[in-house]
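Raw model-v7.cif, mmCIF, C-alpha atoms:
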data_protein
#
loop_
_atom_site.label_atom_id
_atom_site.label_comp_id
_atom_site.auth_asym_id
_atom_site.auth_seq_id
_atom_site.Cartn_x
_atom_site.Cartn_y
_atom_site.Cartn_z
CA MET S 1 84.62 -91.09 -26.75
CA SER S 2 84.01 -90.17 -23.11
CA ASN S 3 84.19 -86.56 -22.00
CA ILE S 4 86.36 -87.73 -19.10
CA THR S 5 89.37 -90.02 -19.46
CA ILE S 6 92.14 -91.28 -17.21
CA ASP S 7 95.68 -91.85 -18.42
CA ARG S 8 96.45 -95.23 -16.90
CA GLN S 9 100.14 -94.77 -17.65
CA ILE S 10 100.51 -92.00 -15.11
CA CYS S 11 97.56 -92.57 -12.71
CA ILE S 12 98.91 -93.66 -9.31
CA GLY S 13 95.56 -94.96 -8.07
CA CYS S 14 95.42 -92.67 -5.04
CA GLY S 15 91.61 -92.57 -5.19
CA ALA S 16 91.27 -88.86 -4.41
CA CYS S 17 89.03 -88.32 -7.44
CA VAL S 18 86.80 -91.20 -6.32
CA ALA S 19 86.49 -89.85 -2.77
CA LEU S 20 85.76 -86.25 -3.81
CA CYS S 21 83.26 -86.92 -6.59
CA THR S 22 79.72 -86.61 -5.20
CA ARG S 23 78.22 -87.92 -8.45
CA GLN S 24 80.00 -91.32 -8.42
CA VAL S 25 81.60 -90.66 -11.80
CA PHE S 26 84.69 -92.68 -10.83
CA GLU S 27 85.23 -96.10 -9.32
CA ARG S 28 88.34 -97.52 -7.71
CA ARG S 29 89.16 -100.99 -8.96
CA ALA S 30 91.94 -103.49 -8.49
CA ASP S 31 93.63 -102.34 -11.69
CA GLY S 32 93.21 -98.62 -10.96
CA VAL S 33 90.57 -95.90 -11.17
CA ALA S 34 87.93 -96.12 -13.89
CA VAL S 35 85.40 -93.65 -15.29
CA ILE S 36 82.02 -95.40 -14.97
CA ASN S 37 79.35 -92.64 -15.04
CA PRO S 38 80.60 -89.65 -17.08
CA ALA S 39 77.05 -88.51 -17.82
CA ARG S 40 76.53 -87.78 -14.11
CA CYS S 41 79.33 -85.19 -14.01
CA ASN S 42 78.25 -81.67 -13.04
CA VAL S 43 81.65 -80.22 -14.04
CA CYS S 44 82.60 -79.19 -10.51
CA GLY S 45 86.25 -79.88 -11.38
CA HIS S 46 87.25 -81.46 -8.06
CA CYS S 47 88.86 -84.37 -9.89
CA ILE S 48 90.98 -82.08 -12.07
CA ALA S 49 91.92 -79.85 -9.14
CA VAL S 50 92.99 -82.70 -6.84
CA CYS S 51 94.81 -85.14 -9.14
CA PRO S 52 98.49 -85.09 -8.06
CA VAL S 53 99.80 -86.26 -11.45
CA ASP S 54 97.32 -84.64 -13.90
CA ALA S 55 96.12 -88.03 -15.09
CA ILE S 56 92.53 -86.90 -15.72
CA THR S 57 91.40 -85.22 -18.93
CA HIS S 58 88.03 -83.48 -19.09
CA VAL S 59 86.93 -81.93 -22.39
CA ARG S 60 85.06 -79.13 -20.58
CA LEU S 61 87.99 -78.37 -18.28
CA PRO S 62 91.09 -78.08 -20.49
CA PRO S 63 94.47 -77.50 -18.77
CA GLU S 64 94.75 -73.90 -19.99
CA ARG S 65 91.57 -73.07 -18.07
CA CYS S 66 92.74 -74.83 -14.92
CA PRO S 67 96.11 -73.32 -13.94
CA PRO S 68 97.96 -74.48 -10.82
CA ILE S 69 97.12 -72.71 -7.58
CA GLY S 70 99.53 -69.83 -7.07
CA LEU S 71 100.81 -68.04 -3.99
CA LEU S 72 98.03 -67.54 -1.44
CA PRO S 73 97.81 -64.95 1.34
CA ASN S 74 98.66 -66.26 4.77
CA LEU S 75 96.09 -66.43 7.55
CA ASN S 76 97.13 -63.14 9.15
CA MET S 77 96.73 -61.33 5.84
CA LEU S 78 93.26 -62.79 5.43
CA ILE S 79 92.29 -61.79 8.97
CA ASP S 80 93.45 -58.23 8.28
CA ALA S 81 91.36 -58.10 5.10
CA PHE S 82 88.28 -59.47 6.88
CA ARG S 83 88.60 -57.00 9.75
CA ALA S 84 89.27 -54.03 7.48
CA ARG S 85 86.06 -54.33 5.49
CA ARG S 86 83.33 -52.05 6.77
CA SER S 87 79.92 -51.04 5.47
CA VAL S 88 80.30 -47.67 3.75
CA ARG S 89 77.36 -45.26 3.56
CA ILE S 90 79.07 -41.99 2.59
CA TYR S 91 80.65 -41.86 -0.86
CA GLN S 92 82.62 -39.44 -2.97
CA ASP S 93 80.77 -37.85 -5.87
CA ARG S 94 82.86 -39.87 -8.27
CA PRO S 95 81.67 -42.34 -10.90
CA LEU S 96 82.75 -45.95 -10.93
CA SER S 97 84.09 -47.27 -14.22
CA ARG S 98 82.32 -50.18 -15.84
CA ASP S 99 85.66 -51.93 -16.24
CA THR S 100 86.05 -51.88 -12.45
CA ILE S 101 82.56 -53.31 -11.98
CA ARG S 102 83.26 -56.03 -14.56
CA GLN S 103 86.46 -56.91 -12.72
CA LEU S 104 84.58 -57.28 -9.43
CA VAL S 105 81.80 -59.36 -10.98
CA ASP S 106 84.49 -61.57 -12.52
CA LEU S 107 86.06 -61.99 -9.08
CA ALA S 108 82.71 -62.96 -7.55
CA ARG S 109 82.28 -65.97 -9.84
CA TRP S 110 84.99 -68.01 -8.09
CA VAL S 111 82.79 -68.82 -5.10
CA PRO S 112 81.21 -72.25 -4.52
CA SER S 113 77.63 -72.76 -5.68
CA ALA S 114 75.03 -75.40 -4.89
CA GLY S 115 75.43 -78.33 -7.26
CA ASN S 116 78.00 -76.27 -9.17
CA SER S 117 75.05 -74.44 -10.69
CA GLN S 118 77.01 -71.19 -11.12
CA GLN S 119 73.65 -69.48 -11.42
CA VAL S 120 74.41 -66.00 -10.07
CA ASP S 121 74.10 -63.15 -12.56
CA TRP S 122 74.17 -59.42 -11.93
CA LEU S 123 71.97 -56.45 -12.71
CA VAL S 124 73.96 -53.22 -12.46
CA PHE S 125 72.62 -49.69 -12.16
CA ASP S 126 75.15 -46.89 -12.70
CA ASP S 127 72.63 -44.29 -13.87
CA ARG S 128 72.09 -41.96 -10.92
CA ALA S 129 68.58 -41.03 -12.11
CA GLN S 130 67.49 -44.67 -12.19
CA ILE S 131 69.00 -45.37 -8.77
CA LYS S 132 67.10 -42.36 -7.40
CA LYS S 133 63.81 -43.63 -8.87
CA LEU S 134 64.29 -46.95 -7.11
CA SER S 135 65.15 -45.21 -3.84
CA ASP S 136 62.10 -42.91 -4.05
CA GLN S 137 59.86 -45.91 -4.66
CA ILE S 138 61.20 -47.75 -1.62
CA VAL S 139 60.81 -44.72 0.68
CA ALA S 140 57.21 -44.31 -0.54
CA LEU S 141 56.54 -47.99 0.08
CA PHE S 142 57.77 -47.87 3.68
CA SER S 143 55.93 -44.59 4.28
CA ARG S 144 52.64 -46.20 3.22
CA ALA S 145 53.35 -49.19 5.45
CA ALA S 146 54.09 -46.86 8.37
CA ARG S 147 50.76 -45.09 7.93
CA TRP S 148 48.97 -48.41 8.30
CA LEU S 149 51.06 -49.27 11.34
CA ARG S 150 50.17 -45.93 12.95
CA PHE S 151 46.42 -46.32 12.33
CA PRO S 152 44.90 -46.42 15.85
CA LEU S 153 42.26 -49.08 15.22
CA LEU S 154 44.83 -51.46 13.74
CA LYS S 155 47.56 -51.04 16.36
CA PRO S 156 46.42 -54.03 18.47
CA LEU S 157 46.40 -56.22 15.36
CA TRP S 158 49.91 -55.17 14.33
CA ALA S 159 51.16 -55.64 17.89
CA TRP S 160 49.77 -59.18 17.89
CA VAL S 161 51.14 -60.08 14.43
CA LEU S 162 54.49 -58.29 14.50
CA GLY S 163 55.24 -57.86 18.20
CA LYS S 164 58.24 -55.66 18.93
CA ARG S 165 59.01 -55.38 15.21
CA VAL S 166 56.27 -52.75 14.88
CA GLN S 167 58.36 -50.10 16.61
CA SER S 168 61.46 -51.10 14.69
CA LEU S 169 59.61 -50.75 11.38
CA LEU S 170 58.19 -47.40 12.41
CA ASN S 171 61.60 -46.12 13.46
CA SER S 172 63.07 -47.19 10.11
CA ALA S 173 60.24 -45.55 8.16
CA ASN S 174 60.54 -42.33 10.17
CA TRP S 175 64.28 -42.19 9.53
CA MET S 176 63.80 -42.81 5.80
CA GLU S 177 61.18 -40.06 5.56
CA GLN S 178 63.38 -37.55 7.40
CA GLN S 179 66.44 -38.30 5.29
CA HIS S 180 64.43 -38.17 2.07
CA ALA S 181 62.87 -34.84 3.04
CA GLN S 182 66.38 -33.41 3.52
CA GLY S 183 67.40 -34.45 0.01
CA ARG S 184 69.43 -37.48 1.06
CA ASP S 185 69.18 -41.03 -0.23
CA PRO S 186 68.38 -43.24 2.80
CA ILE S 187 68.37 -46.45 0.77
CA PHE S 188 71.41 -46.41 -1.53
CA PHE S 189 73.30 -43.52 0.15
CA ASP S 190 73.95 -41.70 -3.16
CA ALA S 191 76.37 -44.44 -4.20
CA PRO S 192 77.38 -44.35 -7.87
CA ALA S 193 76.61 -48.02 -8.50
CA LEU S 194 74.00 -50.55 -7.38
CA LEU S 195 74.62 -54.23 -8.06
CA ILE S 196 71.86 -56.83 -7.67
CA ALA S 197 72.76 -60.53 -7.63
CA HIS S 198 69.95 -62.62 -9.08
CA THR S 199 69.41 -66.35 -9.56
CA ARG S 200 66.85 -68.69 -11.08
CA ARG S 201 63.47 -68.19 -9.46
CA GLY S 202 62.68 -71.05 -7.14
CA ALA S 203 66.26 -72.34 -6.97
CA PRO S 204 66.53 -74.03 -3.52
CA PHE S 205 69.89 -72.46 -2.65
CA GLY S 206 69.77 -69.34 -4.79
CA ARG S 207 70.04 -67.00 -1.82
CA ASP S 208 73.07 -68.86 -0.47
CA ASP S 209 74.84 -68.74 -3.83
CA ALA S 210 74.20 -65.00 -4.17
CA VAL S 211 75.43 -64.21 -0.65
CA TYR S 212 78.66 -66.11 -1.33
CA ALA S 213 79.20 -64.19 -4.56
CA ALA S 214 78.29 -60.80 -3.09
CA TYR S 215 80.69 -61.11 -0.18
CA ASN S 216 83.56 -62.08 -2.47
CA LEU S 217 82.75 -58.99 -4.49
CA MET S 218 82.72 -56.78 -1.40
CA LEU S 219 86.03 -58.14 -0.14
CA GLY S 220 87.53 -57.56 -3.58
CA ALA S 221 86.18 -54.02 -3.63
CA GLN S 222 87.88 -53.35 -0.29
CA GLN S 223 91.25 -54.32 -1.79
CA MET S 224 90.63 -51.97 -4.73
CA GLY S 225 90.08 -48.96 -2.49
CA LEU S 226 86.29 -49.07 -2.81
CA GLY S 227 83.56 -49.15 -0.21
CA SER S 228 80.44 -51.29 -0.24
CA CYS S 229 77.25 -51.89 1.70
CA GLN S 230 74.66 -54.63 1.45
CA ILE S 231 71.15 -53.14 1.21
CA GLY S 232 68.72 -55.38 3.04
CA PHE S 233 65.82 -52.91 2.90
CA PHE S 234 65.88 -53.15 -0.89
CA ILE S 235 65.39 -56.92 -0.90
CA VAL S 236 62.58 -56.59 1.68
CA ALA S 237 60.90 -53.93 -0.46
CA LEU S 238 61.14 -56.13 -3.55
CA SER S 239 59.29 -58.89 -1.72
CA LEU S 240 56.46 -56.44 -0.96
CA SER S 241 56.09 -54.52 -4.21
CA ARG S 242 55.31 -55.93 -7.64
CA LYS S 243 55.78 -52.47 -9.12
CA LEU S 244 59.30 -52.28 -7.76
CA ARG S 245 60.11 -55.72 -9.15
CA ARG S 246 58.85 -54.63 -12.57
CA MET S 247 61.10 -51.56 -12.43
CA LEU S 248 64.14 -53.84 -12.40
CA GLY S 249 63.23 -55.27 -15.77
CA LEU S 250 64.37 -58.79 -14.91
CA PRO S 251 62.73 -61.78 -16.62
CA ASN S 252 60.06 -63.56 -14.58
CA ASN S 253 62.31 -66.58 -14.14
CA ARG S 254 64.97 -64.57 -12.29
CA GLN S 255 64.84 -63.64 -8.61
CA PRO S 256 66.80 -60.79 -6.97
CA GLN S 257 68.68 -62.12 -3.95
CA VAL S 258 71.27 -59.61 -2.73
CA ALA S 259 71.79 -55.89 -3.38
CA VAL S 260 75.12 -54.11 -2.90
CA VAL S 261 76.12 -50.48 -3.43
CA LEU S 262 79.65 -49.57 -4.44
CA GLY S 263 81.69 -46.40 -4.58
CA TYR S 264 84.75 -44.55 -3.39
CA PRO S 265 84.53 -43.84 0.37
CA ARG S 266 84.61 -40.20 1.33
CA TYR S 267 86.26 -41.02 4.65
CA PRO S 268 88.81 -43.86 4.92
CA PHE S 269 88.78 -46.04 8.01
CA ARG S 270 92.02 -46.26 10.01
CA ARG S 271 91.23 -48.85 12.66
CA THR S 272 89.51 -52.18 13.01
CA LEU S 273 86.95 -52.68 15.76
CA PRO S 274 86.13 -55.50 18.17
CA ARG S 275 83.27 -57.90 17.56
CA ARG S 276 81.24 -59.98 19.96
CA GLN S 277 82.79 -63.37 20.59
CA PRO S 278 80.19 -65.93 19.47
CA GLU S 279 79.15 -68.66 21.86
CA ILE S 280 79.95 -72.21 20.79
CA THR S 281 77.74 -75.12 21.77
CA TRP S 282 79.23 -78.57 21.25
CA ASN S 283 76.68 -81.20 20.27
CA SER S 284 72.96 -80.79 20.90
CA THR S 285 71.55 -81.85 24.26
CA ALA S 286 68.20 -82.43 22.54
CA LEU S 287 69.40 -85.55 20.75
#
Final structure tokens representation of the file:
Amino acid sequence: MSNITIDRQICIGCGACVALCTRQVFERRADGVAVINPARCNVCGHCIAVCPVDAITHVRLPPERCPPIGLLPNLNMLIDAFRARRSVRIYQDRPLSRDTIRQLVDLARWVPSAGNSQQVDWLVFDDRAQIKKLSDQIVALFSRAARWLRFPLLKPLWAWVLGKRVQSLLNSANWMEQQHAQGRDPIFFDAPALLIAHTRRGAPFGRDDAVYAAYNLMLGAQQMGLGSCQIGFFIVALSLSRKLRRMLGLPNNRQPQVAVVLGYPRYPFRRTLPRRQPEITWNSTAL
């Protein structure tokens, strides 16, 4: 018996499942739609989600797991949510419950993923001592890099290789060192939780999948009264330090892609702010 069947008694032959299936599982024929390549299915569920009469049965997508789409927020509500989210770097000294983190991770899984791979998993740190160890390691890493950048004999080489980025890297390292010396956490901002989205190592679109998931999580956190911030320096540091990667304890076949801190904001934001209007170019003149 096929994993996918079509009830010919109720199928209206609209062809939506045929058009949406990128794996050519279905074929439209004179007598209706037929399932011709069930083994190709990657369980994306487009066919189940689009069928107007629920004529398709998929053993891996039973009806109880595929409820009808409910009431959605209107566009203005979405715009308000998008504009309200801000990167938070000052948090209350208040722990975040694991149930809350589980709820946010659950929310993040509804994003699209390349080939319906659904490959994003999460490493969560809610132990303040462990978060501090990671932060200390990153500050030390950038401090060592800054010392090499400041070395007089190597300055021409760095200027040739890195250009204007040399000064930017030095400024960042100086700021980290100053904050760290004052007892502050310049990497994770003393947030109570650090979440790292990781995917299969070498997956072509792993980074894209993780970014999708992380932003859903951050938008959800906003609606729960939480603040969040994506930590780019952490991902850069991971690419430079094998020791830091080992500290995460992830298997060798997993690759960290996005890091996010979460917590309760100490200061709530009251207003949204303007953003630069992007330029739009219609069609390339190079073609």
Worksheet item: Just so the selection is clear, what residues does the PyMOL selection byres ((chain S and resi 102-114) around 12) cover here, as number ranges by chain?
Response: S: 42-46, 96-101, 115-124, 195-197, 199, 203-224, 226, 228, 260, 262
Discussion item. Can you spell out as a list in words the set of residues that the PyMOL selection byres ((chain S and resi 34) around 12) selects in the structure I just provided?
Written reply: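 Expected selection for the PyMOL selection byres ((chain S and resi 34) around 12) here is Ser2, Ile4, Thr5, Ile6, Asp7, Arg8, Cys11, Gly13, Gly15, Cys17, Val18, Gln24, Val25, Phe26, Glu27, Arg28, Arg29, Ala30, Asp31, Gly32, Val33, Val35, Ile36, Asn37, Pro38, Ala55 and Ile56 of chain S.
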Include C-alpha atoms and write out the residues we just selected as a tab-separated table (two decimals), in the coordinates of the input.
chain	number	residue	atom	x	y	z
S	2	SER	CA	84.01	-90.17	-23.11
S	4	ILE	CA	86.36	-87.73	-19.10
S	5	THR	CA	89.37	-90.02	-19.46
S	6	ILE	CA	92.14	-91.28	-17.21
S	7	ASP	CA	95.68	-91.85	-18.42
S	8	ARG	CA	96.45	-95.23	-16.90
S	11	CYS	CA	97.56	-92.57	-12.71
S	13	GLY	CA	95.56	-94.96	-8.07
S	15	GLY	CA	91.61	-92.57	-5.19
S	17	CYS	CA	89.03	-88.32	-7.44
S	18	VAL	CA	86.80	-91.20	-6.32
S	24	GLN	CA	80.00	-91.32	-8.42
S	25	VAL	CA	81.60	-90.66	-11.80
S	26	PHE	CA	84.69	-92.68	-10.83
S	27	GLU	CA	85.23	-96.10	-9.32
S	28	ARG	CA	88.34	-97.52	-7.71
S	29	ARG	CA	89.16	-100.99	-8.96
S	30	ALA	CA	91.94	-103.49	-8.49
S	31	ASP	CA	93.63	-102.34	-11.69
S	32	GLY	CA	93.21	-98.62	-10.96
S	33	VAL	CA	90.57	-95.90	-11.17
S	35	VAL	CA	85.40	-93.65	-15.29
S	36	ILE	CA	82.02	-95.40	-14.97
S	37	ASN	CA	79.35	-92.64	-15.04
S	38	PRO	CA	80.60	-89.65	-17.08
S	55	ALA	CA	96.12	-88.03	-15.09
S	56	ILE	CA	92.53	-86.90	-15.72
Worksheet entry | Neighbour list for Ile231 of chain S as a ChimeraX atom specification, cut-off 8 Å, only C-alpha atoms, skip fewer than 5 positions in-chain | /S:187-188,258-261
Worksheet item: Do you know which residues the PyMOL selection byres ((chain S and resi 84) around 8) returns on this file, as a ChimeraX atom specification?
Response: /S:80-83,85-86,222,271-272
Worksheet entry | Nearby residues (all atoms listed in the file) at most 9 Å from Arg128 of chain S, same-chain spacing under 5 positions excluded, as number ranges by chain | S: 133, 190-193
Kindly save the residues from that selection, with C-alpha atoms included, as a PDB file, keeping the file's coordinate frame.
ATOM      1  CA  LYS S 133      63.810 -43.630  -8.870  1.00  0.00           C
ATOM      2  CA  ASP S 190      73.950 -41.700  -3.160  1.00  0.00           C
ATOM      3  CA  ALA S 191      76.370 -44.440  -4.200  1.00  0.00           C
ATOM      4  CA  PRO S 192      77.380 -44.350  -7.870  1.00  0.00           C
ATOM      5  CA  ALA S 193      76.610 -48.020  -8.500  1.00  0.00           C
TER       6      ALA S 193
END
Fill in: Counting all atoms listed in the file, the option among S:Asp126, S:Leu194, S:Arg275, S:Arg200 closest to Asn252 of chain S
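The answer is S:Arg200, which sits nearest to Asn252 of chain S.
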Worksheet item: Which residues come within 7 Å of segment 170-179 of chain S, counting only C-alpha atoms, excluding same-chain residues fewer than 3 positions away, as a list in words?
Response: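 That gives Val139, Phe142, Ser143, Ala146, Val166, Gln167, Gln182, Gly183, Arg184, Asp185 and Pro186 of chain S.
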Output C-alpha atoms of each residue in that selection to a file, as a CSV table (one decimal), keeping the file's coordinate frame.
chain,number,residue,atom,x,y,z
S,139,VAL,CA,60.8,-44.7,0.7
S,142,PHE,CA,57.8,-47.9,3.7
S,143,SER,CA,55.9,-44.6,4.3
S,146,ALA,CA,54.1,-46.9,8.4
S,166,VAL,CA,56.3,-52.8,14.9
S,167,GLN,CA,58.4,-50.1,16.6
S,182,GLN,CA,66.4,-33.4,3.5
S,183,GLY,CA,67.4,-34.4,0.0
S,184,ARG,CA,69.4,-37.5,1.1
S,185,ASP,CA,69.2,-41.0,-0.2
S,186,PRO,CA,68.4,-43.2,2.8
Discussion item. Just checking: using only C-alpha atoms, which residue out of S:Cys41, S:Tyr264, S:Ile10, S:Asn3 ends up closest to Pro62 of chain S?
Written reply: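 For Pro62 of chain S, the nearest of the candidates is S:Asn3.
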Item to complete: Determine the nearest neighbour of Asp54 of chain S from the options S:Gly232, S:Asn76, S:Gln9, S:Gly202, counting only C-alpha atoms.
Response: S:Gln9
Discussion item. Between atom CA of Thr281 of chain S and atom CA of Ile79 of chain S, what distance in Å does the model show, to one decimal?
Written reply: 23.5 Å
Worksheet item: Between S:Ala286, S:Leu141, S:Val88, S:Ile69, which one has atoms that come closest to Ala237 of chain S, using all atoms listed in the file?
Response: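 Smallest separation from Ala237 of chain S among the options: S:Leu141.
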Incomplete segment 113-123 of chain S filled out to all heavy atoms as a short mmCIF file (atom, residue, chain, number, x, y, z; two decimals), in the frame of the given file:
data_model
loop_
_atom_site.label_atom_id
_atom_site.label_comp_id
_atom_site.auth_asym_id
_atom_site.auth_seq_id
_atom_site.Cartn_x
_atom_site.Cartn_y
_atom_site.Cartn_z
N SER S 113 79.07 -72.89 -5.45
CA SER S 113 77.63 -72.76 -5.68
C SER S 113 76.99 -74.13 -5.54
O SER S 113 77.63 -75.16 -5.79
CB SER S 113 77.33 -72.17 -7.07
OG SER S 113 77.87 -72.99 -8.09
N ALA S 114 75.73 -74.14 -5.13
CA ALA S 114 75.03 -75.40 -4.89
C ALA S 114 74.96 -76.23 -6.17
O ALA S 114 74.49 -75.75 -7.20
CB ALA S 114 73.63 -75.13 -4.38
N GLY S 115 75.45 -77.46 -6.10
CA GLY S 115 75.43 -78.33 -7.26
C GLY S 115 76.25 -77.81 -8.42
O GLY S 115 76.02 -78.20 -9.57
N ASN S 116 77.20 -76.92 -8.12
CA ASN S 116 78.00 -76.27 -9.17
C ASN S 116 77.11 -75.62 -10.21
O ASN S 116 77.41 -75.60 -11.40
CB ASN S 116 78.95 -77.27 -9.84
CG ASN S 116 80.04 -76.57 -10.65
OD1 ASN S 116 80.54 -75.53 -10.28
ND2 ASN S 116 80.40 -77.14 -11.79
N SER S 117 76.00 -75.04 -9.76
CA SER S 117 75.05 -74.44 -10.69
C SER S 117 75.57 -73.15 -11.32
O SER S 117 75.17 -72.80 -12.43
CB SER S 117 73.73 -74.13 -9.97
OG SER S 117 73.97 -73.25 -8.88
N GLN S 118 76.44 -72.43 -10.61
CA GLN S 118 77.01 -71.19 -11.12
C GLN S 118 75.91 -70.30 -11.69
O GLN S 118 76.02 -69.76 -12.79
CB GLN S 118 78.09 -71.47 -12.16
CG GLN S 118 79.24 -72.32 -11.63
CD GLN S 118 80.33 -72.55 -12.65
OE1 GLN S 118 80.74 -71.62 -13.37
NE2 GLN S 118 80.83 -73.78 -12.73
N GLN S 119 74.86 -70.12 -10.90
CA GLN S 119 73.65 -69.48 -11.42
C GLN S 119 73.57 -67.99 -11.16
O GLN S 119 72.61 -67.34 -11.60
CB GLN S 119 72.44 -70.17 -10.80
CG GLN S 119 72.36 -70.00 -9.27
CD GLN S 119 71.10 -70.56 -8.69
OE1 GLN S 119 70.01 -70.32 -9.20
NE2 GLN S 119 71.22 -71.35 -7.63
N VAL S 120 74.52 -67.41 -10.45
CA VAL S 120 74.41 -66.00 -10.07
C VAL S 120 74.78 -65.09 -11.24
O VAL S 120 75.86 -65.19 -11.81
CB VAL S 120 75.31 -65.68 -8.86
CG1 VAL S 120 75.22 -64.19 -8.50
CG2 VAL S 120 74.92 -66.54 -7.66
N ASP S 121 73.86 -64.21 -11.60
CA ASP S 121 74.10 -63.15 -12.56
C ASP S 121 73.86 -61.82 -11.88
O ASP S 121 73.33 -61.77 -10.76
CB ASP S 121 73.21 -63.30 -13.80
CG ASP S 121 73.62 -64.49 -14.67
OD1 ASP S 121 74.83 -64.73 -14.82
OD2 ASP S 121 72.72 -65.18 -15.18
N TRP S 122 74.20 -60.74 -12.57
CA TRP S 122 74.17 -59.42 -11.93
C TRP S 122 73.41 -58.41 -12.78
O TRP S 122 73.57 -58.36 -14.00
CB TRP S 122 75.59 -58.91 -11.69
CG TRP S 122 76.36 -59.76 -10.73
CD1 TRP S 122 77.07 -60.89 -11.02
CD2 TRP S 122 76.47 -59.57 -9.32
NE1 TRP S 122 77.63 -61.42 -9.88
CE2 TRP S 122 77.28 -60.62 -8.82
CE3 TRP S 122 75.98 -58.61 -8.43
CZ2 TRP S 122 77.61 -60.73 -7.48
CZ3 TRP S 122 76.32 -58.72 -7.09
CH2 TRP S 122 77.11 -59.77 -6.63
N LEU S 123 72.60 -57.63 -12.11
CA LEU S 123 71.97 -56.45 -12.71
C LEU S 123 72.65 -55.24 -12.10
O LEU S 123 72.69 -55.11 -10.87
CB LEU S 123 70.47 -56.44 -12.40
CG LEU S 123 69.69 -55.19 -12.80
CD1 LEU S 123 69.72 -54.98 -14.31
CD2 LEU S 123 68.25 -55.28 -12.29
#
